[in-house]
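To start, the structure under review is shown below, and the notes come after it.
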Amino acid sequence: MSIPQSGGGPITDPRQLSEYMEAGCKPRDQWRIGTEHEKFGFCQDSLAPLPYDGERSIHAVLAGLRDTYGWAPVEESGKLIGLEKGGANVSLEPGGALELSGAAVETIHQTCDEVNEHLREVKSVADHIGVRFIGLGAAPIWRHEDMPLMPKGRYKLMDAYMDTVGTSGKTMMRRTCTVQVNLDFASEADMVKKLRVALALQSVATALFANSPFFEGQPNGHKSWRARTWRHLDAARTGIPSFVFDEGFGFEHWADYALDVPMYFVYRDGRYVDALGMSFRDFMRGELPALPGETPTLSDWADHLTTLFPEARIKKYMEMRGADGGPWRRLCALPAFWVGLLYDDTALDAAWDLAKGWDQDTREALRVAASVDGLQAQVGAVKMHDLARELVHIAHAGLKARAKPGAGGLIPDETHFLSALQESVESGKAPADELLDRYHGDWAGDLTRIYGDYSY
């Protein structure tokens, strides 16, 4: 979840709302890649999730990273709740999962180096205190009451609100994890094309990275329980906004959409002011009940944009939000997939050709089917496995065309980061399928085996 944003000063003209996002437009040579991933921490002996405080805790991990590796602390109300260094930050999710929000870098080689360095640092600190981490889309055994709520004002407000707008918000906050990538756009037209591809084809990422077939100790009937959780969270701020595919869509339309999404909070003087369910439109008029007479700043707008949760979203860049958290070796495959599709014009055109004929019902049906059946999903004549195979092929061509070398020129491009996805399309199995095979095979229904076999 996002930290407080620094967007700018007072909003004096409604055009500033769309201009804020449009200011993110960059020429191609300035396009960057930012990878984010979350993972669950647990005590190695008891397999219990980590509390905030104590010898084996999220605080102990954050403090260890701070003291051993030079990360600068981020505090809220005197509590250590994150770290910063070199354009990256480490934060804690509502239920105690640990997130790396990586720096904006030029190549997947660089973002993968960053991921690897972070995980090595986390492992060294965790090993010292008897803690391990695991990359999954949903907590496989832990129940709601096992998961402590971390001490952030934003989370306390959201937690209280979730049950009023859906059935799974608290589950999302405490017991799901994801891997995401943030990418740039050159212009409004480029943003529109990329966002349409991202939203239409996010179901393919969900299927390829499906990694949450267990919940509360047993198979749950879904390949991605995380994706299922998001489908029942809050209809006002999730899903696939259909207006993105309408003629004339642009930054102003996204701003209008965001204005209609109810607020969570306003951040003032180091604290979160309760604005649950209130209107940013009222805030613009100085009529926000939580802050009567006060009007918003661009920082407030930037914060509000972080409370929209569609399958892909726009801020000053674009976020791909459809994938489950996963094992170490697959984390770099997610940015490789989307960079390959969106950062090469030929690949972007080819990806859009696959999806441009779909209507909203088809896009939504694929979203549902991906969460249930993963790569085995089918909607009408569209077979997810075939679609995934074609898109991985397109992404490979896009990365090859980018020709971004690594390892001092010894590696000619970024295509090898797709190897895990190529294995999936060859076998027809995503991580969830492999986990189910283990559960029904050598684990003999003992789900505690997942912690030893799949932890970092």
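Residue numbering restarts at 1 for every chain of the structure tokens, chains are lettered A, B, ... in their displayed order, and ligands are numbered from 1 as they appear.
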- request: With a distance cut-off of 9 Å and only C-alpha atoms, select the neighbouring residues of Gly130 (chain A), excluding the residue or stretch itself and same-chain residues fewer than 2 positions from it, and output the selection as a PyMOL selection string.
  value: chain A and resi 42-45+56+125-128+132
Please produce an output containing N, CA and C atoms for each residue in the selection, written as a short mmCIF file (atom, residue, chain, number, x, y, z; two decimals), in the first residue's frame.
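Dumped everything to again_21.cif:
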data_model
loop_
_atom_site.label_atom_id
_atom_site.label_comp_id
_atom_site.auth_asym_id
_atom_site.auth_seq_id
_atom_site.Cartn_x
_atom_site.Cartn_y
_atom_site.Cartn_z
N PHE A 42 7.02 -15.07 8.44
CA PHE A 42 6.51 -15.97 9.47
C PHE A 42 7.66 -16.46 10.33
N CYS A 43 7.31 -16.91 11.54
CA CYS A 43 8.30 -17.47 12.46
C CYS A 43 8.67 -18.87 11.98
N GLN A 44 9.95 -19.14 11.85
CA GLN A 44 10.39 -20.39 11.24
C GLN A 44 9.97 -21.62 12.02
N ASP A 45 9.92 -21.54 13.36
CA ASP A 45 9.59 -22.72 14.15
C ASP A 45 8.08 -22.94 14.27
N ARG A 56 11.00 -11.48 17.12
CA ARG A 56 10.74 -11.98 15.77
C ARG A 56 9.50 -11.27 15.25
N VAL A 125 18.87 -10.77 7.40
CA VAL A 125 18.28 -10.27 8.64
C VAL A 125 17.33 -11.31 9.23
N ALA A 126 16.49 -11.90 8.37
CA ALA A 126 15.50 -12.87 8.83
C ALA A 126 16.16 -14.12 9.41
N ASP A 127 17.20 -14.61 8.76
CA ASP A 127 17.89 -15.81 9.26
C ASP A 127 18.43 -15.58 10.66
N HIS A 128 18.87 -14.37 10.93
CA HIS A 128 19.48 -14.06 12.23
C HIS A 128 18.45 -14.13 13.36
N ARG A 132 11.33 -16.39 8.31
CA ARG A 132 11.41 -16.69 6.87
C ARG A 132 10.33 -15.88 6.15
#
Members of region 102-149 of chain A assigned helix (DSSP H, G or I) by DSSP, as number ranges by chain: A: 108-129, 144-146
Using only C-alpha atoms, what does the table of region 138-240 of chain A residues within 9 Å of region 419-437 of chain A look like, with each row giving the shortest atom pair and its distance in Å to one decimal, sorted by chain and ascending number, as JSON lines?
{"residue": "A:Ala207", "atom": "CA", "partner": "A:Ala430", "partner_atom": "CA", "distance": 7.1}
{"residue": "A:Leu208", "atom": "CA", "partner": "A:Ala430", "partner_atom": "CA", "distance": 5.5}
{"residue": "A:Phe209", "atom": "CA", "partner": "A:Ala430", "partner_atom": "CA", "distance": 6.2}
{"residue": "A:Ala210", "atom": "CA", "partner": "A:Ala432", "partner_atom": "CA", "distance": 5.5}
{"residue": "A:Asn211", "atom": "CA", "partner": "A:Ala432", "partner_atom": "CA", "distance": 4.4}
{"residue": "A:Ser212", "atom": "CA", "partner": "A:Ala432", "partner_atom": "CA", "distance": 6.1}
{"residue": "A:Pro213", "atom": "CA", "partner": "A:Ala432", "partner_atom": "CA", "distance": 5.7}
{"residue": "A:Phe214", "atom": "CA", "partner": "A:Leu436", "partner_atom": "CA", "distance": 8.5}
{"residue": "A:Pro219", "atom": "CA", "partner": "A:Leu436", "partner_atom": "CA", "distance": 7.8}
{"residue": "A:His222", "atom": "CA", "partner": "A:Ala432", "partner_atom": "CA", "distance": 8.8}
{"residue": "A:Lys223", "atom": "CA", "partner": "A:Ala432", "partner_atom": "CA", "distance": 5.5}
{"residue": "A:Ser224", "atom": "CA", "partner": "A:Ala432", "partner_atom": "CA", "distance": 7.5}
Output of the above residues as an mmCIF file, in the first residue's frame, restricted to N, CA and C atoms:
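Saved the output as out_20.cif:
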data_model
loop_
_atom_site.group_PDB
_atom_site.id
_atom_site.type_symbol
_atom_site.label_atom_id
_atom_site.label_comp_id
_atom_site.auth_asym_id
_atom_site.auth_seq_id
_atom_site.Cartn_x
_atom_site.Cartn_y
_atom_site.Cartn_z
ATOM 1 N N ALA A 207 -3.585 -15.269 -14.846
ATOM 2 C CA ALA A 207 -3.495 -16.706 -15.109
ATOM 3 C C ALA A 207 -2.053 -17.200 -15.049
ATOM 4 N N LEU A 208 -1.135 -16.475 -15.676
ATOM 5 C CA LEU A 208 0.269 -16.899 -15.708
ATOM 6 C C LEU A 208 0.909 -16.890 -14.326
ATOM 7 N N PHE A 209 0.501 -15.948 -13.480
ATOM 8 C CA PHE A 209 1.115 -15.806 -12.159
ATOM 9 C C PHE A 209 0.230 -16.353 -11.039
ATOM 10 N N ALA A 210 -0.864 -17.035 -11.389
ATOM 11 C CA ALA A 210 -1.777 -17.563 -10.376
ATOM 12 C C ALA A 210 -1.009 -18.408 -9.364
ATOM 13 N N ASN A 211 -1.139 -18.044 -8.089
ATOM 14 C CA ASN A 211 -0.288 -18.671 -7.077
ATOM 15 C C ASN A 211 -0.963 -18.638 -5.706
ATOM 16 N N SER A 212 -2.286 -18.810 -5.698
ATOM 17 C CA SER A 212 -3.003 -18.793 -4.414
ATOM 18 C C SER A 212 -4.184 -19.769 -4.435
ATOM 19 N N PRO A 213 -3.896 -21.076 -4.582
ATOM 20 C CA PRO A 213 -4.980 -22.058 -4.637
ATOM 21 C C PRO A 213 -5.443 -22.548 -3.264
ATOM 22 N N PHE A 214 -4.810 -22.037 -2.180
ATOM 23 C CA PHE A 214 -5.160 -22.481 -0.834
ATOM 24 C C PHE A 214 -5.619 -21.292 0.001
ATOM 25 N N PRO A 219 -7.556 -26.414 -0.277
ATOM 26 C CA PRO A 219 -7.796 -25.865 -1.614
ATOM 27 C C PRO A 219 -9.086 -25.062 -1.631
ATOM 28 N N HIS A 222 -10.005 -22.018 -6.539
ATOM 29 C CA HIS A 222 -9.512 -20.981 -7.436
ATOM 30 C C HIS A 222 -8.000 -21.148 -7.616
ATOM 31 N N LYS A 223 -7.522 -20.800 -8.796
ATOM 32 C CA LYS A 223 -6.072 -20.766 -8.992
ATOM 33 C C LYS A 223 -5.484 -19.481 -8.406
ATOM 34 N N SER A 224 -6.270 -18.393 -8.444
ATOM 35 C CA SER A 224 -5.844 -17.141 -7.819
ATOM 36 C C SER A 224 -6.932 -16.659 -6.864
#
- request: Quick one: everything within 12 Å of region 241-252 of chain A, counting only C-alpha atoms, minus sequence neighbours fewer than 6 positions away in the same chain. Send it as an MDAnalysis selection string.
  value: chainID A and resid 14:25 187:200 235 258:259 261 308:317 352 355:364
Long-range neighbours of Ile33 (chain A) as a VMD selection string, 9 Å cut-off, only C-alpha atoms, 5 positions minimum in chain: chain A and resid 102 to 108 111 181 to 184 335 339
Requested write-out: C-alpha atoms of the selected residues, as a PDB file, in the first residue's frame:
ATOM      1  CA  GLY A 102      11.701  -0.411  -6.308  1.00  0.00           C
ATOM      2  CA  ALA A 103      13.426   2.587  -7.810  1.00  0.00           C
ATOM      3  CA  ALA A 104      12.630   3.653 -11.378  1.00  0.00           C
ATOM      4  CA  VAL A 105      15.333   2.037 -13.519  1.00  0.00           C
ATOM      5  CA  GLU A 106      16.051   1.708 -17.222  1.00  0.00           C
ATOM      6  CA  THR A 107      16.248  -2.069 -17.731  1.00  0.00           C
ATOM      7  CA  ILE A 108      14.880  -5.297 -16.327  1.00  0.00           C
ATOM      8  CA  THR A 111      15.215  -3.998 -11.555  1.00  0.00           C
ATOM      9  CA  VAL A 181       5.270  -3.166 -12.346  1.00  0.00           C
ATOM     10  CA  ASN A 182       5.017   0.576 -12.966  1.00  0.00           C
ATOM     11  CA  LEU A 183       5.612   1.846 -16.492  1.00  0.00           C
ATOM     12  CA  ASP A 184       5.661   5.147 -18.362  1.00  0.00           C
ATOM     13  CA  PRO A 335       8.115  -6.646 -15.473  1.00  0.00           C
ATOM     14  CA  VAL A 339       7.779  -4.231 -20.703  1.00  0.00           C
TER      15      VAL A 339
END
message: Report as a PyMOL selection string all protein, DNA and RNA residues lying within 8 Å of region 268-283 of chain A, evaluated on only C-alpha atoms, omitting residues in the same chain fewer than 3 positions from it.
response: chain A and resi 76-77+153-154+157+161+259-265+286-290+294-296
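If only C-alpha atoms are the atoms counted, then among A:Asp324, A:Asp256, A:Glu145, A:Glu121 the closest residue to Ala205 (chain A) is A:Asp324.
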message: Can you tell me which residues surround Tyr343 (chain A) at a distance of at most 10 Å, considering only C-alpha atoms, apart from same-chain residues fewer than 6 positions away, and format the answer as a list in words?
response: Arg28, Trp31, Arg32, Leu183, Asp184, Phe185, Lys194, Ala395, Gly398, Leu399, Ala401 and Arg402 of chain A
Create the file for the chosen residues now, containing N, CA and C atoms and written as a compact mmCIF listing (two decimals), in the first residue's frame.
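File selection.txt, as written:
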# COMPACT_ATOMS: atom_id res chain seq x y z
N ARG A 28 10.48 8.52 -25.02
CA ARG A 28 10.83 7.10 -24.90
C ARG A 28 12.16 6.88 -24.18
N TRP A 31 11.71 6.53 -20.46
CA TRP A 31 10.82 5.53 -19.89
C TRP A 31 11.59 4.66 -18.90
N ARG A 32 10.97 4.35 -17.79
CA ARG A 32 11.61 3.58 -16.75
C ARG A 32 10.71 2.42 -16.29
N LEU A 183 5.02 1.50 -15.20
CA LEU A 183 5.61 1.85 -16.49
C LEU A 183 5.17 3.23 -16.94
N ASP A 184 5.89 3.78 -17.89
CA ASP A 184 5.66 5.15 -18.36
C ASP A 184 4.91 5.18 -19.68
N PHE A 185 4.47 6.39 -20.05
CA PHE A 185 3.81 6.63 -21.33
C PHE A 185 4.35 7.93 -21.90
N LYS A 194 -1.86 1.97 -24.16
CA LYS A 194 -1.26 1.07 -23.18
C LYS A 194 -2.26 0.65 -22.11
N ALA A 395 5.76 -10.69 -26.18
CA ALA A 395 6.62 -10.03 -25.21
C ALA A 395 8.09 -10.35 -25.47
N GLY A 398 9.18 -8.25 -28.25
CA GLY A 398 9.33 -6.87 -27.82
C GLY A 398 10.62 -6.64 -27.04
N LEU A 399 10.98 -7.57 -26.17
CA LEU A 399 12.22 -7.43 -25.41
C LEU A 399 13.44 -7.57 -26.32
N ALA A 401 13.56 -6.72 -29.44
CA ALA A 401 13.65 -5.48 -30.20
C ALA A 401 14.22 -4.34 -29.36
N ARG A 402 13.93 -4.33 -28.05
CA ARG A 402 14.50 -3.32 -27.16
C ARG A 402 16.02 -3.42 -27.09
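For the atom pair formed by CA of Pro151 (chain A) and CA of Phe40 (chain A), the distance is 16.9 Å, given to one decimal.
Distance check against Ala227 (chain A) using only C-alpha atoms: of A:Leu447, A:Ala302, A:Ala369, A:Ala407, the minimum falls on A:Ala369.
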message: Just list as a PyMOL selection string whatever in region 160-396 of chain A DSSP marks as strand (DSSP E or B).
response: chain A and resi 176+178-183+212+214-215+218-219+224+238-239+265-268+271-274+297+309-310+312-314+318-324+378-379+382-383
query: Closest to Ile11 (chain A) among A:Phe417, A:Tyr454, A:Phe133, A:Trp301, using only C-alpha atoms?
result: A:Trp301
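Taking CA of Leu47 (chain A) as the reference point, CA of Tyr451 (chain A) is found at 7.5 Å.
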- prompt: Using only C-alpha atoms, which of the listed residues (A:Pro94, A:Gly325, A:Gly340, A:Gly135) sits closest to Lys400 (chain A)?
  reply: A:Gly340
